$ cat structure.cif   # mmCIF, C-alpha atoms
data_model
loop_
_atom_site.group_PDB
_atom_site.id
_atom_site.type_symbol
_atom_site.label_atom_id
_atom_site.label_comp_id
_atom_site.auth_asym_id
_atom_site.auth_seq_id
_atom_site.Cartn_x
_atom_site.Cartn_y
_atom_site.Cartn_z
ATOM 1 C CA MET A 1 16.673 14.338 -14.038
ATOM 2 C CA SER A 2 16.776 12.809 -17.487
ATOM 3 C CA GLU A 3 14.511 14.134 -20.209
ATOM 4 C CA ARG A 4 12.735 10.798 -20.319
ATOM 5 C CA LYS A 5 11.859 10.986 -16.603
ATOM 6 C CA LEU A 6 10.852 14.614 -16.963
ATOM 7 C CA ILE A 7 8.527 13.802 -19.855
ATOM 8 C CA PHE A 8 7.051 10.962 -17.801
ATOM 9 C CA TRP A 9 6.344 13.333 -14.891
ATOM 10 C CA ILE A 10 4.866 15.912 -17.260
ATOM 11 C CA PHE A 11 2.594 13.231 -18.726
ATOM 12 C CA LEU A 12 1.582 11.905 -15.295
ATOM 13 C CA THR A 13 0.890 15.394 -13.924
ATOM 14 C CA SER A 14 -1.058 16.349 -17.082
ATOM 15 C CA LEU A 15 -3.164 13.227 -16.869
ATOM 16 C CA SER A 16 -3.881 13.787 -13.163
ATOM 17 C CA VAL A 17 -4.762 17.474 -13.562
ATOM 18 C CA ALA A 18 -6.912 16.834 -16.643
ATOM 19 C CA THR A 19 -8.765 13.937 -15.007
ATOM 20 C CA ALA A 20 -9.411 15.920 -11.820
ATOM 21 C CA HIS A 21 -10.575 18.934 -13.846
ATOM 22 C CA VAL A 22 -12.963 16.916 -16.023
ATOM 23 C CA LEU A 23 -14.428 15.176 -12.958
ATOM 24 C CA ALA A 24 -14.736 18.486 -11.120
ATOM 25 C CA LEU A 25 -16.645 19.993 -14.044
ATOM 26 C CA GLU A 26 -18.805 16.937 -14.643
ATOM 27 C CA PHE A 27 -19.911 16.638 -11.012
ATOM 28 C CA PHE A 28 -19.946 20.400 -10.252
ATOM 29 C CA LEU A 29 -17.222 19.927 -7.648
ATOM 30 C CA TYR A 30 -15.794 23.423 -8.134
ATOM 31 C CA TRP A 31 -19.169 24.811 -7.053
ATOM 32 C CA ARG A 32 -19.641 22.349 -4.166
ATOM 33 C CA TYR A 33 -16.139 22.654 -2.747
ATOM 34 C CA PHE A 34 -14.916 26.238 -2.975
ATOM 35 C CA TRP A 35 -11.381 25.147 -1.986
ATOM 36 C CA LEU A 36 -10.953 22.714 -4.901
ATOM 37 C CA ASP A 37 -9.253 25.303 -7.101
ATOM 38 C CA ILE A 38 -6.417 25.507 -4.528
ATOM 39 C CA PRO A 39 -4.852 22.108 -5.321
ATOM 40 C CA MET A 40 -5.765 22.509 -8.986
ATOM 41 C CA HIS A 41 -3.746 25.732 -9.273
ATOM 42 C CA PHE A 42 -0.848 24.233 -7.340
ATOM 43 C CA PHE A 43 -0.684 21.122 -9.540
ATOM 44 C CA GLY A 44 -1.249 23.237 -12.655
ATOM 45 C CA GLY A 45 1.759 25.336 -11.615
ATOM 46 C CA LEU A 46 3.742 22.151 -10.991
ATOM 47 C CA LEU A 47 2.888 20.935 -14.480
ATOM 48 C CA ILE A 48 3.839 24.232 -16.122
ATOM 49 C CA GLY A 49 7.018 24.342 -14.030
ATOM 50 C CA PHE A 50 8.024 20.872 -15.277
ATOM 51 C CA VAL A 51 7.347 21.976 -18.864
ATOM 52 C CA PHE A 52 9.629 24.992 -18.435
ATOM 53 C CA VAL A 53 12.334 22.831 -16.827
ATOM 54 C CA LEU A 54 12.187 20.595 -19.915
ATOM 55 C CA PHE A 55 12.276 23.678 -22.150
ATOM 56 C CA GLY A 56 15.309 24.977 -20.249
ATOM 57 C CA LYS A 57 17.122 21.650 -20.482
ATOM 58 C CA LYS A 58 16.511 21.603 -24.227
ATOM 59 C CA PHE A 59 17.317 25.191 -25.137
ATOM 60 C CA LEU A 60 19.644 26.647 -22.509
ATOM 61 C CA SER A 61 23.311 25.870 -22.972
ATOM 62 C CA TYR A 62 25.420 24.548 -20.119
ATOM 63 C CA ASP A 63 26.934 28.022 -19.674
ATOM 64 C CA ASP A 64 23.504 29.665 -19.797
ATOM 65 C CA LEU A 65 22.235 27.592 -16.907
ATOM 66 C CA ARG A 66 24.412 29.572 -14.545
ATOM 67 C CA ASP A 67 25.153 33.256 -15.017
ATOM 68 C CA LYS A 68 28.087 35.099 -13.511
ATOM 69 C CA GLU A 69 26.054 37.323 -11.193
ATOM 70 C CA GLY A 70 24.895 34.265 -9.264
ATOM 71 C CA GLY A 71 21.339 34.219 -10.598
ATOM 72 C CA ASP A 72 20.099 30.971 -12.013
ATOM 73 C CA LYS A 73 18.597 31.232 -15.501
ATOM 74 C CA MET A 74 16.644 28.009 -15.124
ATOM 75 C CA PHE A 75 15.064 29.354 -11.944
ATOM 76 C CA LYS A 76 14.110 32.579 -13.712
ATOM 77 C CA LEU A 77 12.765 30.677 -16.712
ATOM 78 C CA VAL A 78 10.573 28.434 -14.556
ATOM 79 C CA ILE A 79 9.258 31.214 -12.310
ATOM 80 C CA PHE A 80 8.601 33.788 -15.043
ATOM 81 C CA GLY A 81 7.212 31.127 -17.390
ATOM 82 C CA THR A 82 4.842 29.844 -14.720
ATOM 83 C CA ALA A 83 3.804 33.391 -13.811
ATOM 84 C CA PHE A 84 3.129 34.219 -17.476
ATOM 85 C CA VAL A 85 0.950 31.133 -17.974
ATOM 86 C CA GLY A 86 -0.840 31.841 -14.683
ATOM 87 C CA VAL A 87 -1.649 35.414 -15.720
ATOM 88 C CA VAL A 88 -2.854 34.237 -19.135
ATOM 89 C CA TRP A 89 -5.069 31.651 -17.397
ATOM 90 C CA GLU A 90 -6.561 34.303 -15.090
ATOM 91 C CA ILE A 91 -7.296 36.541 -18.090
ATOM 92 C CA PHE A 92 -8.934 33.561 -19.812
ATOM 93 C CA GLU A 93 -11.094 32.836 -16.729
ATOM 94 C CA TYR A 94 -12.160 36.475 -16.553
ATOM 95 C CA SER A 95 -12.885 36.761 -20.279
ATOM 96 C CA ILE A 96 -15.215 33.744 -20.368
ATOM 97 C CA GLY A 97 -16.850 34.652 -17.056
ATOM 98 C CA ILE A 98 -16.015 31.656 -14.899
ATOM 99 C CA ILE A 99 -15.226 33.714 -11.849
ATOM 100 C CA GLU A 100 -17.326 33.528 -8.726
ATOM 101 C CA TYR A 101 -17.453 35.837 -5.727
ATOM 102 C CA ARG A 102 -19.180 33.583 -3.193
ATOM 103 C CA PHE A 103 -16.502 33.551 -0.519
ATOM 104 C CA VAL A 104 -13.769 36.006 -1.484
ATOM 105 C CA SER A 105 -13.268 39.025 -3.701
ATOM 106 C CA TYR A 106 -12.084 38.625 -7.281
ATOM 107 C CA SER A 107 -8.755 40.332 -6.574
ATOM 108 C CA PHE A 108 -8.046 38.087 -3.562
ATOM 109 C CA ASP A 109 -8.937 34.980 -5.574
ATOM 110 C CA THR A 110 -6.686 36.058 -8.445
ATOM 111 C CA VAL A 111 -3.715 36.760 -6.168
ATOM 112 C CA LYS A 112 -4.263 33.427 -4.386
ATOM 113 C CA ASP A 113 -4.414 31.568 -7.705
ATOM 114 C CA LEU A 114 -1.233 33.222 -8.997
ATOM 115 C CA PHE A 115 0.549 32.501 -5.706
ATOM 116 C CA LEU A 116 -0.407 28.824 -5.936
ATOM 117 C CA ASP A 117 0.690 28.686 -9.592
ATOM 118 C CA LEU A 118 4.080 30.092 -8.583
ATOM 119 C CA LEU A 119 4.323 27.729 -5.622
ATOM 120 C CA GLY A 120 3.743 24.822 -7.995
ATOM 121 C CA GLY A 121 6.385 26.149 -10.404
ATOM 122 C CA LEU A 122 8.840 26.616 -7.541
ATOM 123 C CA SER A 123 8.120 23.046 -6.436
ATOM 124 C CA ALA A 124 8.881 21.744 -9.948
ATOM 125 C CA PHE A 125 12.185 23.617 -9.934
ATOM 126 C CA SER A 126 12.992 22.352 -6.430
ATOM 127 C CA ILE A 127 12.220 18.752 -7.402
ATOM 128 C CA TRP A 128 14.487 19.092 -10.435
ATOM 129 C CA GLN A 129 17.258 20.543 -8.241
ATOM 130 C CA ARG A 130 16.821 17.834 -5.612
ATOM 131 C CA VAL A 131 16.928 15.009 -8.164
ATOM 132 C CA ARG A 132 20.130 16.507 -9.548
ATOM 133 C CA GLY A 133 21.620 16.596 -6.042
ATOM 134 C CA VAL A 134 21.898 20.384 -5.792
ATOM 135 C CA ASP A 135 21.402 21.842 -2.325
ATOM 136 C CA ALA A 136 18.723 24.503 -2.749
ATOM 137 C CA SER A 137 20.176 26.579 0.099
ATOM 138 C CA LYS A 138 23.320 27.111 -2.003
ATOM 139 C CA LEU A 139 21.433 27.889 -5.188
ATOM 140 C CA PHE A 140 22.712 31.425 -5.612
ATOM 141 C CA SER A 141 26.152 30.965 -4.100
ATOM 142 C CA GLU A 142 29.404 30.586 -6.008
ATOM 143 C CA GLU A 143 29.795 27.030 -4.692
ATOM 144 C CA THR A 144 27.015 25.736 -6.950
ATOM 145 C CA ASN A 145 28.636 25.842 -10.324
ATOM 146 C CA THR A 146 27.976 22.333 -11.584
ATOM 147 C CA TYR A 147 25.060 21.880 -13.900
ATOM 148 C CA GLU A 148 24.379 18.829 -15.973
ATOM 149 C CA LYS A 149 22.473 19.217 -19.189
#
$ encode --input "structure.cif" --output "structure tokens"
Amino acid sequence: MSERKLIFWIFLTSLSVATAHVLALEFFLYWRYFWLDIPMHFFGGLLIGFVFVLFGKKFLSYDDLRDKEGGDKMFKLVIFGTAFVGVVWEIFEYSIGIIEYRFVSYSFDTVKDLFLDLLGGLSAFSIWQRVRGVDASKLFSEETNTYEK
């Protein structure tokens, strides 16, 4: 995926998430539909995942994209980056008091939100892999040793 396409998808995802969030706040949709934070966390994770893919394409060298032990540095960057931003977001929500216990406990809601953030980040990584033509089932095998910058 070229940087130009990646930036386009980041912009489109940002615009969609921001628009949905503003509308949800304006019309109290988060309070009317308890499930609305589910897609918001997923698409937020997708957005953050795309940002970390762009970051990795910019700052990881060709050799860094694949390490000798079979682990993929881009995968780690996207997953840990998305997890970090998700945890920071949950701390932010807690610190300003926008948590609600109507249907589930705070700990369950937090774990669910972080899971959805990570699922979105994993989806961003998978989309990037798919566009590049890399079979995700061979991600950590020795056969996948071709990475374009």
$ residues_around --input "structure.cif" --residues "range 103-120 of chain A" --least-positions-apart "5" --cutoff "10 Å" --atoms "all atoms listed in the file" --output "ChimeraX atom specification"
/A:34-35,37-50,78-87,89-91,93-94,125-126
$ closest_residue --input "structure.cif" --among "A:Ser123, A:Lys58, A:Leu25, A:Ala20" --to "Ser2 in chain A" --atoms "all atoms listed in the file"
A:Lys58
$ atom_distance --input "structure.cif" --atom1 "CA of Ile127 in chain A" --atom2 "CA of Phe8 in chain A"
14.0 Å
$ atom_distance --input "structure.cif" --atom1 "CA of Trp9 in chain A" --atom2 "CA of His21 in chain A"
17.9 Å
$ atom_distance --input "structure.cif" --atom1 "CA of Leu77 in chain A" --atom2 "CA of Phe52 in chain A"
6.7 Å
$ decode --input "structure.cif" --residues "range 10-147 of chain A" --atoms "C-alpha atoms" --output "PDB file, in the first residue's frame"
ATOM      1  CA  ILE A  10      -6.212   7.510   7.568  1.00  0.00           C
ATOM      2  CA  PHE A  11      -7.984  10.720   6.539  1.00  0.00           C
ATOM      3  CA  LEU A  12     -11.188   8.896   5.562  1.00  0.00           C
ATOM      4  CA  THR A  13     -11.243   6.844   8.775  1.00  0.00           C
ATOM      5  CA  SER A  14     -10.495   9.956  10.883  1.00  0.00           C
ATOM      6  CA  LEU A  15     -13.278  11.891   9.225  1.00  0.00           C
ATOM      7  CA  SER A  16     -15.751   9.023   9.697  1.00  0.00           C
ATOM      8  CA  VAL A  17     -14.846   8.420  13.350  1.00  0.00           C
ATOM      9  CA  ALA A  18     -14.863  12.140  14.178  1.00  0.00           C
ATOM     10  CA  THR A  19     -18.204  12.726  12.446  1.00  0.00           C
ATOM     11  CA  ALA A  20     -19.815   9.730  14.159  1.00  0.00           C
ATOM     12  CA  HIS A  21     -18.415  10.817  17.536  1.00  0.00           C
ATOM     13  CA  VAL A  22     -19.622  14.415  17.207  1.00  0.00           C
ATOM     14  CA  LEU A  23     -23.094  13.246  16.136  1.00  0.00           C
ATOM     15  CA  ALA A  24     -23.202  10.704  18.957  1.00  0.00           C
ATOM     16  CA  LEU A  25     -22.365  13.408  21.497  1.00  0.00           C
ATOM     17  CA  GLU A  26     -24.691  16.000  20.004  1.00  0.00           C
ATOM     18  CA  PHE A  27     -27.714  13.686  19.938  1.00  0.00           C
ATOM     19  CA  PHE A  28     -26.835  11.726  23.119  1.00  0.00           C
ATOM     20  CA  LEU A  29     -26.520   8.528  21.094  1.00  0.00           C
ATOM     21  CA  TYR A  30     -23.943   6.993  23.438  1.00  0.00           C
ATOM     22  CA  TRP A  31     -26.544   7.182  26.210  1.00  0.00           C
ATOM     23  CA  ARG A  32     -29.444   5.957  24.040  1.00  0.00           C
ATOM     24  CA  TYR A  33     -27.595   3.075  22.415  1.00  0.00           C
ATOM     25  CA  PHE A  34     -25.285   1.395  24.912  1.00  0.00           C
ATOM     26  CA  TRP A  35     -23.661  -0.649  22.110  1.00  0.00           C
ATOM     27  CA  LEU A  36     -22.527   2.390  20.091  1.00  0.00           C
ATOM     28  CA  ASP A  37     -19.082   2.443  21.690  1.00  0.00           C
ATOM     29  CA  ILE A  38     -18.425  -1.026  20.195  1.00  0.00           C
ATOM     30  CA  PRO A  39     -18.034   0.120  16.566  1.00  0.00           C
ATOM     31  CA  MET A  40     -16.434   3.362  17.731  1.00  0.00           C
ATOM     32  CA  HIS A  41     -13.638   1.491  19.527  1.00  0.00           C
ATOM     33  CA  PHE A  42     -13.172  -0.874  16.598  1.00  0.00           C
ATOM     34  CA  PHE A  43     -12.889   1.956  14.056  1.00  0.00           C
ATOM     35  CA  GLY A  44     -10.740   3.971  16.468  1.00  0.00           C
ATOM     36  CA  GLY A  45      -8.390   0.975  16.671  1.00  0.00           C
ATOM     37  CA  LEU A  46      -8.440   0.705  12.877  1.00  0.00           C
ATOM     38  CA  LEU A  47      -7.476   4.362  12.603  1.00  0.00           C
ATOM     39  CA  ILE A  48      -4.649   4.054  15.129  1.00  0.00           C
ATOM     40  CA  GLY A  49      -3.496   0.849  13.430  1.00  0.00           C
ATOM     41  CA  PHE A  50      -3.277   2.648  10.065  1.00  0.00           C
ATOM     42  CA  VAL A  51      -1.298   5.461  11.709  1.00  0.00           C
ATOM     43  CA  PHE A  52       1.202   2.964  13.124  1.00  0.00           C
ATOM     44  CA  VAL A  53       1.477   1.192   9.754  1.00  0.00           C
ATOM     45  CA  LEU A  54       2.361   4.567   8.209  1.00  0.00           C
ATOM     46  CA  PHE A  55       4.824   5.217  11.040  1.00  0.00           C
ATOM     47  CA  GLY A  56       6.407   1.803  10.457  1.00  0.00           C
ATOM     48  CA  LYS A  57       6.680   2.356   6.711  1.00  0.00           C
ATOM     49  CA  LYS A  58       8.387   5.683   7.347  1.00  0.00           C
ATOM     50  CA  PHE A  59      10.788   4.746  10.124  1.00  0.00           C
ATOM     51  CA  LEU A  60      11.488   1.016   9.955  1.00  0.00           C
ATOM     52  CA  SER A  61      14.163  -0.029   7.502  1.00  0.00           C
ATOM     53  CA  TYR A  62      13.580  -2.836   5.028  1.00  0.00           C
ATOM     54  CA  ASP A  63      15.672  -5.155   7.219  1.00  0.00           C
ATOM     55  CA  ASP A  64      13.820  -4.060  10.357  1.00  0.00           C
ATOM     56  CA  LEU A  65      10.474  -5.058   8.919  1.00  0.00           C
ATOM     57  CA  ARG A  66      11.406  -8.694   9.304  1.00  0.00           C
ATOM     58  CA  ASP A  67      13.539  -9.990  12.151  1.00  0.00           C
ATOM     59  CA  LYS A  68      15.473 -13.236  12.125  1.00  0.00           C
ATOM     60  CA  GLU A  69      13.435 -14.972  14.824  1.00  0.00           C
ATOM     61  CA  GLY A  70      10.375 -14.888  12.578  1.00  0.00           C
ATOM     62  CA  GLY A  71       8.529 -12.143  14.446  1.00  0.00           C
ATOM     63  CA  ASP A  72       7.280  -9.249  12.409  1.00  0.00           C
ATOM     64  CA  LYS A  73       8.297  -5.825  13.729  1.00  0.00           C
ATOM     65  CA  MET A  74       5.497  -4.058  11.892  1.00  0.00           C
ATOM     66  CA  PHE A  75       2.976  -6.383  13.523  1.00  0.00           C
ATOM     67  CA  LYS A  76       4.456  -5.679  16.950  1.00  0.00           C
ATOM     68  CA  LEU A  77       4.531  -1.941  16.282  1.00  0.00           C
ATOM     69  CA  VAL A  78       0.875  -1.856  15.231  1.00  0.00           C
ATOM     70  CA  ILE A  79      -0.396  -4.068  18.057  1.00  0.00           C
ATOM     71  CA  PHE A  80       1.628  -2.486  20.873  1.00  0.00           C
ATOM     72  CA  GLY A  81       1.020   1.019  19.508  1.00  0.00           C
ATOM     73  CA  THR A  82      -2.721   0.424  19.321  1.00  0.00           C
ATOM     74  CA  ALA A  83      -2.740  -1.114  22.803  1.00  0.00           C
ATOM     75  CA  PHE A  84      -0.814   1.863  24.216  1.00  0.00           C
ATOM     76  CA  VAL A  85      -3.223   4.393  22.696  1.00  0.00           C
ATOM     77  CA  GLY A  86      -6.188   2.306  23.872  1.00  0.00           C
ATOM     78  CA  VAL A  87      -4.902   2.226  27.455  1.00  0.00           C
ATOM     79  CA  VAL A  88      -4.225   5.973  27.382  1.00  0.00           C
ATOM     80  CA  TRP A  89      -7.778   6.531  26.088  1.00  0.00           C
ATOM     81  CA  GLU A  90      -9.261   4.397  28.887  1.00  0.00           C
ATOM     82  CA  ILE A  91      -7.258   6.354  31.478  1.00  0.00           C
ATOM     83  CA  PHE A  92      -8.525   9.585  29.901  1.00  0.00           C
ATOM     84  CA  GLU A  93     -12.153   8.355  30.049  1.00  0.00           C
ATOM     85  CA  TYR A  94     -11.734   7.390  33.696  1.00  0.00           C
ATOM     86  CA  SER A  95     -10.002  10.635  34.674  1.00  0.00           C
ATOM     87  CA  ILE A  96     -12.734  12.880  33.249  1.00  0.00           C
ATOM     88  CA  GLY A  97     -15.528  10.632  34.517  1.00  0.00           C
ATOM     89  CA  ILE A  98     -17.238   9.585  31.307  1.00  0.00           C
ATOM     90  CA  ILE A  99     -17.694   6.008  32.383  1.00  0.00           C
ATOM     91  CA  GLU A 100     -21.109   4.524  32.961  1.00  0.00           C
ATOM     92  CA  TYR A 101     -22.115   1.321  34.715  1.00  0.00           C
ATOM     93  CA  ARG A 102     -25.654   0.889  33.384  1.00  0.00           C
ATOM     94  CA  PHE A 103     -25.256  -2.504  31.755  1.00  0.00           C
ATOM     95  CA  VAL A 104     -21.818  -3.879  32.600  1.00  0.00           C
ATOM     96  CA  SER A 105     -19.086  -3.412  35.169  1.00  0.00           C
ATOM     97  CA  TYR A 106     -16.286  -0.921  34.589  1.00  0.00           C
ATOM     98  CA  SER A 107     -13.649  -3.655  34.328  1.00  0.00           C
ATOM     99  CA  PHE A 108     -15.680  -5.606  31.742  1.00  0.00           C
ATOM    100  CA  ASP A 109     -16.276  -2.442  29.711  1.00  0.00           C
ATOM    101  CA  THR A 110     -12.578  -1.554  29.801  1.00  0.00           C
ATOM    102  CA  VAL A 111     -11.472  -5.027  28.697  1.00  0.00           C
ATOM    103  CA  LYS A 112     -14.098  -5.007  25.924  1.00  0.00           C
ATOM    104  CA  ASP A 113     -12.949  -1.580  24.729  1.00  0.00           C
ATOM    105  CA  LEU A 114      -9.280  -2.609  24.693  1.00  0.00           C
ATOM    106  CA  PHE A 115     -10.141  -5.836  22.857  1.00  0.00           C
ATOM    107  CA  LEU A 116     -12.023  -3.876  20.191  1.00  0.00           C
ATOM    108  CA  ASP A 117      -9.148  -1.378  19.887  1.00  0.00           C
ATOM    109  CA  LEU A 118      -6.749  -4.274  19.306  1.00  0.00           C
ATOM    110  CA  LEU A 119      -9.133  -5.926  16.857  1.00  0.00           C
ATOM    111  CA  GLY A 120      -9.221  -2.686  14.879  1.00  0.00           C
ATOM    112  CA  GLY A 121      -5.416  -2.444  14.942  1.00  0.00           C
ATOM    113  CA  LEU A 122      -5.112  -6.067  13.834  1.00  0.00           C
ATOM    114  CA  SER A 123      -7.556  -5.334  11.011  1.00  0.00           C
ATOM    115  CA  ALA A 124      -5.429  -2.375   9.859  1.00  0.00           C
ATOM    116  CA  PHE A 125      -2.349  -4.597   9.821  1.00  0.00           C
ATOM    117  CA  SER A 126      -4.242  -7.347   7.981  1.00  0.00           C
ATOM    118  CA  ILE A 127      -5.530  -4.899   5.364  1.00  0.00           C
ATOM    119  CA  TRP A 128      -1.989  -3.621   4.826  1.00  0.00           C
ATOM    120  CA  GLN A 129      -0.715  -7.206   4.475  1.00  0.00           C
ATOM    121  CA  ARG A 130      -3.528  -8.148   2.100  1.00  0.00           C
ATOM    122  CA  VAL A 131      -2.980  -5.112  -0.132  1.00  0.00           C
ATOM    123  CA  ARG A 132       0.702  -6.019  -0.303  1.00  0.00           C
ATOM    124  CA  GLY A 133      -0.208  -9.577  -1.317  1.00  0.00           C
ATOM    125  CA  VAL A 134       1.205 -11.280   1.780  1.00  0.00           C
ATOM    126  CA  ASP A 135      -0.648 -14.382   2.938  1.00  0.00           C
ATOM    127  CA  ALA A 136      -1.412 -13.759   6.608  1.00  0.00           C
ATOM    128  CA  SER A 137      -1.257 -17.487   7.387  1.00  0.00           C
ATOM    129  CA  LYS A 138       2.453 -17.439   6.485  1.00  0.00           C
ATOM    130  CA  LEU A 139       3.197 -14.270   8.413  1.00  0.00           C
ATOM    131  CA  PHE A 140       5.644 -15.800  10.861  1.00  0.00           C
ATOM    132  CA  SER A 141       7.121 -18.452   8.597  1.00  0.00           C
ATOM    133  CA  GLU A 142      10.472 -18.280   6.838  1.00  0.00           C
ATOM    134  CA  GLU A 143       8.724 -18.238   3.451  1.00  0.00           C
ATOM    135  CA  THR A 144       7.536 -14.654   3.948  1.00  0.00           C
ATOM    136  CA  ASN A 145      10.717 -12.716   3.565  1.00  0.00           C
ATOM    137  CA  THR A 146       9.709 -10.121   0.999  1.00  0.00           C
ATOM    138  CA  TYR A 147       8.756  -6.731   2.294  1.00  0.00           C
TER     139      TYR A 147
END
